[in-house]
$ cat coords10.json   # JSON, C-alpha atoms (C1' of nucleotides)
[["chain", "number", "residue", "atom", "x", "y", "z"],
["A", 1, "MET", "CA", 0.00, 0.00, 0.00],
["A", 2, "THR", "CA", 1.80, 3.00, -1.24],
["A", 3, "LEU", "CA", -0.86, 5.35, 0.01],
["A", 4, "ASP", "CA", -0.74, 6.90, 3.41],
["A", 5, "ASN", "CA", -1.34, 3.87, 5.54],
["A", 6, "ASP", "CA", -0.08, 3.72, 9.02],
["A", 7, "PRO", "CA", 3.57, 4.64, 9.40],
["A", 8, "LEU", "CA", 4.51, 1.30, 10.88],
["A", 9, "SER", "CA", 3.30, -0.58, 7.81],
["A", 10, "ASP", "CA", 5.28, 1.72, 5.57],
["A", 11, "THR", "CA", 8.36, 1.27, 7.70],
["A", 12, "PHE", "CA", 8.24, -2.50, 7.75],
["A", 13, "ALA", "CA", 7.36, -2.70, 4.08],
["A", 14, "ALA", "CA", 10.36, -0.53, 3.29],
["A", 15, "LEU", "CA", 12.60, -2.72, 5.42],
["A", 16, "ALA", "CA", 11.31, -5.89, 3.77],
["A", 17, "ASP", "CA", 13.51, -5.38, 0.72],
["A", 18, "PRO", "CA", 17.19, -6.37, 0.98],
["A", 19, "THR", "CA", 18.28, -3.69, -1.47],
["A", 20, "ARG", "CA", 16.64, -1.03, 0.65],
["A", 21, "ARG", "CA", 18.18, -2.43, 3.80],
["A", 22, "ALA", "CA", 21.55, -2.36, 2.11],
["A", 23, "ILE", "CA", 20.97, 1.26, 1.15],
["A", 24, "LEU", "CA", 20.20, 2.10, 4.75],
["A", 25, "ALA", "CA", 23.31, 0.27, 5.88],
["A", 26, "ARG", "CA", 25.41, 2.25, 3.48],
["A", 27, "LEU", "CA", 23.76, 5.44, 4.62],
["A", 28, "ALA", "CA", 24.69, 4.57, 8.17],
["A", 29, "ASP", "CA", 28.27, 5.23, 7.14],
["A", 30, "GLY", "CA", 27.32, 8.73, 6.07],
["A", 31, "PRO", "CA", 25.24, 10.61, 3.51],
["A", 32, "ALA", "CA", 25.55, 9.70, -0.14],
["A", 33, "THR", "CA", 24.22, 10.76, -3.50],
["A", 34, "VAL", "CA", 21.87, 8.61, -5.52],
["A", 35, "GLY", "CA", 24.66, 7.64, -7.86],
["A", 36, "GLU", "CA", 26.90, 6.62, -5.01],
["A", 37, "LEU", "CA", 24.11, 4.56, -3.54],
["A", 38, "ALA", "CA", 23.28, 2.95, -6.85],
["A", 39, "GLU", "CA", 26.85, 2.01, -7.70],
["A", 40, "PRO", "CA", 27.08, -1.27, -5.73],
["A", 41, "PHE", "CA", 23.86, -2.68, -7.11],
["A", 42, "PRO", "CA", 23.30, -4.57, -10.34],
["A", 43, "ILE", "CA", 20.01, -2.82, -10.98],
["A", 44, "SER", "CA", 19.22, 0.21, -13.10],
["A", 45, "ALA", "CA", 19.25, 3.78, -11.84],
["A", 46, "PRO", "CA", 15.46, 4.14, -12.05],
["A", 47, "ALA", "CA", 15.08, 1.07, -9.89],
["A", 48, "VAL", "CA", 17.33, 2.59, -7.25],
["A", 49, "SER", "CA", 15.49, 5.87, -7.56],
["A", 50, "ARG", "CA", 12.28, 4.10, -6.80],
["A", 51, "HIS", "CA", 13.76, 2.32, -3.79],
["A", 52, "LEU", "CA", 14.84, 5.70, -2.52],
["A", 53, "LYS", "CA", 11.37, 7.04, -3.04],
["A", 54, "VAL", "CA", 9.97, 4.21, -0.95],
["A", 55, "LEU", "CA", 12.49, 4.91, 1.78],
["A", 56, "GLU", "CA", 11.72, 8.59, 1.64],
["A", 57, "HIS", "CA", 7.99, 8.01, 1.73],
["A", 58, "ALA", "CA", 8.53, 5.83, 4.77],
["A", 59, "LYS", "CA", 10.61, 8.66, 6.21],
["A", 60, "LEU", "CA", 13.59, 6.42, 6.67],
["A", 61, "ILE", "CA", 15.71, 8.77, 4.63],
["A", 62, "ARG", "CA", 15.64, 12.41, 3.60],
["A", 63, "ARG", "CA", 16.91, 13.82, 0.34],
["A", 64, "VAL", "CA", 18.35, 17.29, 0.10],
["A", 65, "LYS", "CA", 19.02, 18.87, -3.23],
["A", 66, "GLU", "CA", 22.61, 19.90, -3.72],
["A", 67, "ALA", "CA", 23.43, 21.26, -7.14],
["A", 68, "GLN", "CA", 22.58, 18.46, -9.55],
["A", 69, "TRP", "CA", 22.82, 15.84, -6.87],
["A", 70, "ARG", "CA", 20.38, 14.69, -4.27],
["A", 71, "ARG", "CA", 22.20, 13.80, -1.15],
["A", 72, "CYS", "CA", 20.50, 11.11, 0.88],
["A", 73, "LYS", "CA", 20.72, 10.94, 4.62],
["A", 74, "LEU", "CA", 19.46, 8.54, 7.21],
["A", 75, "GLU", "CA", 16.38, 9.58, 9.14],
["A", 76, "PRO", "CA", 16.24, 7.30, 12.15],
["A", 77, "GLU", "CA", 12.98, 8.32, 13.77],
["A", 78, "ARG", "CA", 10.84, 5.68, 12.08],
["A", 79, "LEU", "CA", 13.44, 3.04, 12.78],
["A", 80, "HIS", "CA", 13.07, 4.03, 16.37],
["A", 81, "ALA", "CA", 9.32, 3.59, 16.14],
["A", 82, "ALA", "CA", 9.71, 0.18, 14.53],
["A", 83, "ALA", "CA", 12.14, -0.93, 17.21],
["A", 84, "ALA", "CA", 9.78, 0.32, 19.88],
["A", 85, "TRP", "CA", 6.96, -1.71, 18.38],
["A", 86, "ILE", "CA", 9.01, -4.88, 18.30],
["A", 87, "GLU", "CA", 10.26, -4.26, 21.81],
["A", 88, "GLN", "CA", 6.78, -5.10, 23.05],
["A", 89, "TYR", "CA", 7.69, -8.71, 22.52],
["A", 90, "ARG", "CA", 11.01, -8.54, 24.28],
["A", 91, "ARG", "CA", 9.66, -10.35, 27.32],
["A", 92, "PHE", "CA", 8.79, -13.27, 25.07],
["A", 93, "TRP", "CA", 12.20, -13.88, 23.70],
["A", 94, "GLU", "CA", 13.85, -13.06, 26.96],
["A", 95, "ALA", "CA", 11.77, -15.77, 28.53],
["A", 96, "GLN", "CA", 12.96, -18.31, 25.99],
["A", 97, "PHE", "CA", 16.33, -17.46, 24.53],
["A", 98, "ASP", "CA", 19.39, -15.53, 25.33],
["A", 99, "SER", "CA", 21.61, -16.04, 22.31],
["A", 100, "LEU", "CA", 22.24, -12.58, 20.96],
["A", 101, "THR", "CA", 25.55, -13.11, 19.26],
["A", 102, "GLU", "CA", 24.22, -15.08, 16.31],
["A", 103, "PHE", "CA", 21.91, -12.24, 15.34],
["A", 104, "ILE", "CA", 24.69, -9.73, 15.49],
["A", 105, "ASP", "CA", 26.68, -12.04, 13.27],
["A", 106, "ALA", "CA", 23.80, -12.40, 10.87],
["A", 107, "LEU", "CA", 23.40, -8.68, 10.45],
["A", 108, "LYS", "CA", 27.10, -8.21, 10.02],
["A", 109, "ASN", "CA", 26.99, -10.74, 7.23],
["A", 110, "GLU", "CA", 24.17, -8.89, 5.52],
["A", 111, "ARG", "CA", 26.13, -5.68, 5.93],
["A", 112, "ASP", "CA", 29.14, -7.19, 4.20],
["A", 113, "VAL", "CA", 27.06, -8.41, 1.30],
["A", 114, "ALA", "CA", 25.66, -4.93, 0.87],
["A", 115, "GLU", "CA", 29.06, -3.35, 0.91],
["A", 116, "GLU", "CA", 30.15, -5.64, -1.83],
["A", 117, "ARG", "CA", 28.22, -5.92, -5.07],
["A", 118, "ASP", "CA", 25.25, -8.20, -4.85],
["A", 119, "PRO", "CA", 22.51, -7.34, -2.38],
["A", 120, "HIS", "CA", 20.11, -10.21, -2.99],
["A", 121, "ASP", "CA", 22.30, -13.10, -1.99],
["A", 122, "ASP", "CA", 21.67, -14.10, 1.58],
["A", 123, "ASP", "CA", 24.28, -16.75, 2.13],
["A", 124, "GLY", "CA", 26.79, -15.53, -0.35],
["A", 125, "ASN", "CA", 29.72, -15.24, 1.97],
["A", 126, "ARG", "CA", 32.87, -14.61, 0.15],
["A", 127, "SER", "CA", 36.37, -13.45, 0.74],
["A", 128, "THR", "CA", 38.56, -10.91, -0.99],
["V", 1, "MET", "CA", 4.44, -15.61, -1.63],
["V", 2, "THR", "CA", 7.85, -14.81, -0.44],
["V", 3, "LEU", "CA", 9.83, -17.77, -1.60],
["V", 4, "ASP", "CA", 12.80, -18.52, 0.53],
["V", 5, "ASN", "CA", 14.37, -15.11, 0.66],
["V", 6, "ASP", "CA", 16.46, -14.10, 3.57],
["V", 7, "PRO", "CA", 14.74, -14.43, 6.93],
["V", 8, "LEU", "CA", 14.93, -10.72, 7.63],
["V", 9, "SER", "CA", 12.97, -9.90, 4.49],
["V", 10, "ASP", "CA", 10.34, -12.43, 5.42],
["V", 11, "THR", "CA", 10.11, -11.02, 8.91],
["V", 12, "PHE", "CA", 9.72, -7.43, 7.86],
["V", 13, "ALA", "CA", 7.31, -8.34, 5.06],
["V", 14, "ALA", "CA", 5.18, -10.20, 7.56],
["V", 15, "LEU", "CA", 5.22, -7.24, 9.93],
["V", 16, "ALA", "CA", 4.27, -4.84, 7.16],
["V", 17, "ASP", "CA", 0.63, -5.83, 7.34],
["V", 18, "PRO", "CA", -1.52, -4.33, 10.10],
["V", 19, "THR", "CA", -3.74, -7.39, 10.31],
["V", 20, "ARG", "CA", -0.73, -9.58, 10.91],
["V", 21, "ARG", "CA", 0.65, -7.20, 13.51],
["V", 22, "ALA", "CA", -2.71, -7.25, 15.24],
["V", 23, "ILE", "CA", -2.65, -11.03, 15.19],
["V", 24, "LEU", "CA", 0.77, -11.00, 16.82],
["V", 25, "ALA", "CA", -0.45, -8.53, 19.41],
["V", 26, "ARG", "CA", -3.35, -10.78, 20.22],
["V", 27, "LEU", "CA", -1.03, -13.75, 20.43],
["V", 28, "ALA", "CA", 1.09, -11.85, 22.89],
["V", 29, "ASP", "CA", -1.79, -12.28, 25.31],
["V", 30, "GLY", "CA", -1.61, -16.02, 24.90],
["V", 31, "PRO", "CA", -2.09, -18.78, 22.34],
["V", 32, "ALA", "CA", -5.29, -18.85, 20.31],
["V", 33, "THR", "CA", -7.01, -20.94, 17.69],
["V", 34, "VAL", "CA", -7.45, -19.72, 14.14],
["V", 35, "GLY", "CA", -11.11, -19.02, 14.77],
["V", 36, "GLU", "CA", -10.34, -16.99, 17.84],
["V", 37, "LEU", "CA", -7.78, -15.01, 15.92],
["V", 38, "ALA", "CA", -10.12, -14.45, 13.00],
["V", 39, "GLU", "CA", -13.04, -13.28, 15.07],
["V", 40, "PRO", "CA", -12.08, -9.59, 15.48],
["V", 41, "PHE", "CA", -11.37, -9.06, 11.79],
["V", 42, "PRO", "CA", -13.81, -8.17, 9.05],
["V", 43, "ILE", "CA", -12.10, -10.46, 6.56],
["V", 44, "SER", "CA", -12.91, -14.01, 5.57],
["V", 45, "ALA", "CA", -11.52, -17.09, 7.25],
["V", 46, "PRO", "CA", -9.34, -18.03, 4.27],
["V", 47, "ALA", "CA", -7.79, -14.58, 4.36],
["V", 48, "VAL", "CA", -6.89, -15.04, 8.01],
["V", 49, "SER", "CA", -5.61, -18.50, 7.25],
["V", 50, "ARG", "CA", -3.30, -17.04, 4.70],
["V", 51, "HIS", "CA", -2.05, -14.36, 7.05],
["V", 52, "LEU", "CA", -1.24, -17.10, 9.51],
["V", 53, "LYS", "CA", 0.60, -18.99, 6.84],
["V", 54, "VAL", "CA", 2.71, -15.91, 6.15],
["V", 55, "LEU", "CA", 3.44, -15.53, 9.84],
["V", 56, "GLU", "CA", 4.28, -19.19, 10.14],
["V", 57, "HIS", "CA", 6.52, -19.11, 7.09],
["V", 58, "ALA", "CA", 8.31, -16.14, 8.62],
["V", 59, "LYS", "CA", 8.57, -18.20, 11.81],
["V", 60, "LEU", "CA", 6.84, -15.53, 13.81],
["V", 61, "ILE", "CA", 4.26, -18.03, 14.98],
["V", 62, "ARG", "CA", 3.97, -21.78, 15.30],
["V", 63, "ARG", "CA", 0.83, -23.81, 14.85],
["V", 64, "VAL", "CA", 0.23, -26.98, 16.77],
["V", 65, "LYS", "CA", -2.59, -29.29, 15.90],
["V", 66, "GLU", "CA", -4.97, -29.91, 18.74],
["V", 67, "ALA", "CA", -7.98, -32.05, 17.87],
["V", 68, "GLN", "CA", -9.80, -30.13, 15.15],
["V", 69, "TRP", "CA", -8.17, -26.86, 16.12],
["V", 70, "ARG", "CA", -4.82, -25.41, 15.28],
["V", 71, "ARG", "CA", -3.52, -23.48, 18.21],
["V", 72, "CYS", "CA", -1.26, -20.59, 17.28],
["V", 73, "LYS", "CA", 1.53, -19.41, 19.48],
["V", 74, "LEU", "CA", 4.01, -16.61, 19.30],
["V", 75, "GLU", "CA", 7.52, -17.50, 18.22],
["V", 76, "PRO", "CA", 9.69, -14.56, 19.18],
["V", 77, "GLU", "CA", 13.07, -15.53, 17.80],
["V", 78, "ARG", "CA", 12.66, -13.75, 14.47],
["V", 79, "LEU", "CA", 11.31, -10.69, 16.20],
["V", 80, "HIS", "CA", 14.49, -10.72, 18.17],
["V", 81, "ALA", "CA", 16.51, -10.87, 14.99],
["V", 82, "ALA", "CA", 14.55, -8.01, 13.48],
["V", 83, "ALA", "CA", 15.04, -5.92, 16.59],
["V", 84, "ALA", "CA", 18.73, -6.70, 16.55],
["V", 85, "TRP", "CA", 18.98, -5.52, 12.96],
["V", 86, "ILE", "CA", 17.26, -2.26, 13.69],
["V", 87, "GLU", "CA", 19.36, -1.75, 16.77],
["V", 88, "GLN", "CA", 22.31, -1.05, 14.50],
["V", 89, "TYR", "CA", 20.85, 2.38, 13.98],
["V", 90, "ARG", "CA", 20.26, 3.13, 17.61],
["V", 91, "ARG", "CA", 23.24, 5.47, 17.76],
["V", 92, "PHE", "CA", 21.62, 7.56, 15.04],
["V", 93, "TRP", "CA", 18.41, 8.24, 16.79],
["V", 94, "GLU", "CA", 20.10, 8.55, 20.12],
["V", 95, "ALA", "CA", 22.29, 11.23, 18.65],
["V", 96, "GLN", "CA", 19.30, 13.17, 17.41],
["V", 97, "PHE", "CA", 16.22, 12.54, 19.49],
["V", 98, "ASP", "CA", 15.27, 11.35, 22.87],
["V", 99, "SER", "CA", 11.49, 11.34, 22.80],
["V", 100, "LEU", "CA", 10.52, 7.77, 23.46],
["V", 101, "THR", "CA", 7.10, 8.30, 24.95],
["V", 102, "GLU", "CA", 5.36, 9.20, 21.72],
["V", 103, "PHE", "CA", 6.34, 5.90, 20.15],
["V", 104, "ILE", "CA", 5.10, 3.97, 23.11],
["V", 105, "ASP", "CA", 1.88, 5.88, 22.74],
["V", 106, "ALA", "CA", 1.70, 5.11, 19.06],
["V", 107, "LEU", "CA", 2.07, 1.40, 19.54],
["V", 108, "LYS", "CA", -0.45, 1.42, 22.34],
["V", 109, "ASN", "CA", -2.85, 3.08, 19.95],
["V", 110, "GLU", "CA", -2.30, 0.42, 17.33],
["V", 111, "ARG", "CA", -2.79, -2.22, 19.96],
["V", 112, "ASP", "CA", -6.12, -0.71, 20.95],
["V", 113, "VAL", "CA", -7.28, -0.58, 17.38],
["V", 114, "ALA", "CA", -6.44, -4.24, 16.97],
["V", 115, "GLU", "CA", -8.24, -5.22, 20.12],
["V", 116, "GLU", "CA", -11.32, -3.45, 18.92],
["V", 117, "ARG", "CA", -12.74, -4.44, 15.53],
["V", 118, "ASP", "CA", -10.98, -2.79, 12.66],
["V", 119, "PRO", "CA", -7.31, -3.57, 12.01],
["V", 120, "HIS", "CA", -6.69, -1.35, 9.01],
["V", 121, "ASP", "CA", -7.06, 1.98, 10.68],
["V", 122, "ASP", "CA", -4.30, 4.50, 10.15],
["V", 123, "ASP", "CA", -3.29, 6.46, 13.16],
["V", 124, "GLY", "CA", -2.18, 9.78, 11.84],
["V", 125, "ASN", "CA", -0.26, 10.56, 14.94],
["V", 126, "ARG", "CA", 2.05, 13.29, 13.81],
["V", 127, "SER", "CA", 1.84, 16.11, 11.33],
["V", 128, "THR", "CA", 2.88, 15.88, 7.66],
["M", 1, "DC", "C1'", 23.30, 28.04, -26.29],
["M", 2, "DC", "C1'", 24.75, 23.41, -26.20],
["M", 3, "DT", "C1'", 26.19, 19.38, -24.11],
["M", 4, "DA", "C1'", 27.33, 16.23, -20.47],
["M", 5, "DT", "C1'", 25.92, 14.52, -15.97],
["M", 6, "DA", "C1'", 22.54, 13.33, -12.30],
["M", 7, "DT", "C1'", 18.19, 11.88, -11.34],
["M", 8, "DT", "C1'", 13.38, 11.28, -12.00],
["M", 9, "DT", "C1'", 9.14, 10.17, -14.61],
["M", 10, "DA", "C1'", 6.53, 7.47, -18.10],
["M", 11, "DA", "C1'", 5.13, 3.34, -20.00],
["M", 12, "DC", "C1'", 5.25, -1.26, -19.68],
["M", 13, "DC", "C1'", 5.72, -6.21, -17.90],
["M", 14, "DG", "C1'", 5.66, -10.33, -14.92],
["M", 15, "DA", "C1'", 5.26, -11.87, -10.35],
["M", 16, "DA", "C1'", 3.52, -11.52, -5.86],
["M", 17, "DA", "C1'", 0.21, -9.83, -2.30],
["M", 18, "DC", "C1'", -4.37, -9.77, -0.57],
["M", 19, "DG", "C1'", -9.02, -10.30, -0.97],
["M", 20, "DT", "C1'", -13.15, -13.07, -2.37],
["M", 21, "DT", "C1'", -16.32, -17.51, -2.79],
["M", 22, "DA", "C1'", -16.64, -22.47, -3.43],
["M", 23, "DA", "C1'", -14.89, -26.86, -2.54],
["M", 24, "DT", "C1'", -12.09, -29.95, 0.43],
["M", 25, "DT", "C1'", -9.94, -32.15, 4.38],
["M", 26, "DA", "C1'", -9.98, -33.41, 9.21],
["M", 27, "DA", "C1'", -11.89, -34.42, 13.60],
["M", 28, "DC", "C1'", -15.64, -34.41, 16.80],
["M", 29, "DG", "C1'", -20.29, -35.97, 18.63],
["M", 30, "DT", "C1'", -24.36, -38.52, 18.11],
["F", 1, "DA", "C1'", -22.47, -43.30, 8.86],
["F", 2, "DC", "C1'", -23.93, -38.56, 9.22],
["F", 3, "DG", "C1'", -23.85, -33.92, 10.06],
["F", 4, "DT", "C1'", -21.38, -30.08, 12.27],
["F", 5, "DT", "C1'", -17.44, -27.42, 13.15],
["F", 6, "DA", "C1'", -12.53, -25.93, 12.15],
["F", 7, "DA", "C1'", -9.44, -24.80, 8.96],
["F", 8, "DT", "C1'", -7.28, -25.16, 4.58],
["F", 9, "DT", "C1'", -6.80, -25.37, -0.48],
["F", 10, "DA", "C1'", -8.45, -24.12, -5.19],
["F", 11, "DA", "C1'", -9.58, -20.86, -8.47],
["F", 12, "DC", "C1'", -10.01, -16.32, -9.56],
["F", 13, "DG", "C1'", -9.65, -10.99, -9.76],
["F", 14, "DT", "C1'", -7.45, -6.63, -8.59],
["F", 15, "DT", "C1'", -3.76, -3.99, -6.89],
["F", 16, "DT", "C1'", 0.97, -3.35, -5.70],
["F", 17, "DC", "C1'", 5.89, -4.25, -6.36],
["F", 18, "DG", "C1'", 10.18, -4.44, -8.51],
["F", 19, "DG", "C1'", 12.38, -4.51, -12.57],
["F", 20, "DT", "C1'", 13.20, -2.81, -17.45],
["F", 21, "DT", "C1'", 14.09, 0.92, -21.35],
["F", 22, "DA", "C1'", 13.17, 5.42, -23.20],
["F", 23, "DA", "C1'", 12.15, 10.09, -22.45],
["F", 24, "DA", "C1'", 12.10, 14.15, -19.52],
["F", 25, "DT", "C1'", 14.00, 17.43, -16.15],
["F", 26, "DA", "C1'", 17.57, 20.05, -13.87],
["F", 27, "DT", "C1'", 21.98, 21.82, -13.25],
["F", 28, "DA", "C1'", 26.93, 22.67, -14.31],
["F", 29, "DG", "C1'", 30.05, 24.30, -17.42],
["F", 30, "DG", "C1'", 32.42, 25.36, -21.86]]

$ encode --input "coords10.json" --output "structure tokens"
Amino acid sequence: MTLDNDPLSDTFAALADPTRRAILARLADGPATVGELAEPFPISAPAVSRHLKVLEHAKLIRRVKEAQWRRCKLEPERLHAAAAWIEQYRRFWEAQFDSLTEFIDALKNERDVAEERDPHDDDGNRST
Amino acid sequence: MTLDNDPLSDTFAALADPTRRAILARLADGPATVGELAEPFPISAPAVSRHLKVLEHAKLIRRVKEAQWRRCKLEPERLHAAAAWIEQYRRFWEAQFDSLTEFIDALKNERDVAEERDPHDDDGNRST
DNA sequence: CCTATATTTAACCGAAACGTTAATTAACGT
DNA sequence: ACGTTAATTAACGTTTCGGTTAAATATAGG
């Protein structure tokens, strides 16, 4: 639902795409232009542009015009809201598990994949 | 449906639907049968069944057969993973904001809506 | 003004999401 | 065995999503 649903749905929908998550991860290292963001991905510029529009609509990023570039910048407020929503269930997993390290590892792996070239390969661990 | 993508995509995609979030919220109060879960929603039983299948595929719930019922139960591990992923960005929002209460309020609102009758209500909490 | 660069919009396509109703499977109670 | 209840699967339609290429827009700079 691209229309103005509830913010939480927009946030989670935006996060449901690995390319968009990779874009956010890259943006966590600092602002970047659309071209810089598009460079690692094997998809066309319009496709990236649309991903950015989704992220912007979800208010996960903000784009500021700068000459002929649009510099993108992380906007963490909605991530905060999403985390707060999930945190409701903290008592559940705390009651059952306590293994945090594997999740940290998993997200680090995804981060590496994003930093590389191919964002839609989940177990594509590789070395350089 | 989401064929075997990465788990994180499945998790966020599952959370992107307000009906499914409401189902999870209800399940946070304890296990329930499909019929019990379907009752508050104005959609058909097959639609609910499919939502449950999405949640089960994403491993956010588990269904155990019990006579002619299928009791659904929250499975928090993937929520944990999703929270862990988002937590990467904690430093960003901590650097910029500190208003936590409004998010708590927002999720309470969504919870109320779910508990009521109509799960697809948008809570326009903030301006713009 | 003209051109190169950066990015978006338009038009289109196939696949997936989400809803429906009708039919089906499974288990219970009598 | 039969009928009832619980839930799913089948078949179908509409909308959204994610990708493409081609065209449009905007800005910098000779």

$ interface_residues --input "coords10.json" --of "chain V" --to "chain F" --cutoff "8 Å" --atoms "all atoms listed in the file" --output "PDB file with C-alpha atoms, in the coordinates of the input"
ATOM      1  CA  VAL V  34      -7.450 -19.720  14.140  1.00  0.00           C
ATOM      2  CA  GLY V  35     -11.110 -19.020  14.770  1.00  0.00           C
ATOM      3  CA  PRO V  46      -9.340 -18.030   4.270  1.00  0.00           C
ATOM      4  CA  SER V  49      -5.610 -18.500   7.250  1.00  0.00           C
ATOM      5  CA  GLN V  68      -9.800 -30.130  15.150  1.00  0.00           C
ATOM      6  CA  TRP V  69      -8.170 -26.860  16.120  1.00  0.00           C
ATOM      7  CA  ARG V  70      -4.820 -25.410  15.280  1.00  0.00           C
TER       8      ARG V  70
END

$ closest_residue --input "coords10.json" --among "V:Glu66, V:Glu94, V:Glu39, V:Glu56" --to "chain A" --atoms "only C-alpha atoms"
V:Glu94

$ interface_residues --input "coords10.json" --of "chain V" --to "chain M" --cutoff "12 Å" --atoms "all atoms listed in the file" --output "list in words"
Met1, Thr2, Leu3, Ala13, Ala14, Ala16, Asp17, Thr19, Pro42, Ile43, Ser44, Ala45, Pro46, Ala47, Val48, Ser49, Arg50, His51, Val54, Lys65, Glu66, Ala67, Gln68, Trp69 and Arg70 of chain V

$ interface_residues --input "coords10.json" --of "chain A" --to "chain V" --cutoff "7 Å" --atoms "only C-alpha atoms" --output "ChimeraX atom specification"
/A:5-6,9-10,12-13,15-18,76-77,79-81,83-86,92-93,103-104,107,122

$ atom_distance --input "coords10.json" --atom1 "atom CA of Lys53 of chain V" --atom2 "atom CA of Lys59 of chain A"
29.4 Å

$ atom_distance --input "coords10.json" --atom1 "atom CA of Pro40 of chain V" --atom2 "atom CA of Lys73 of chain V"
17.3 Å

$ atom_distance --input "coords10.json" --atom1 "atom CA of Cys72 of chain A" --atom2 "atom CA of Leu60 of chain A"
10.2 Å
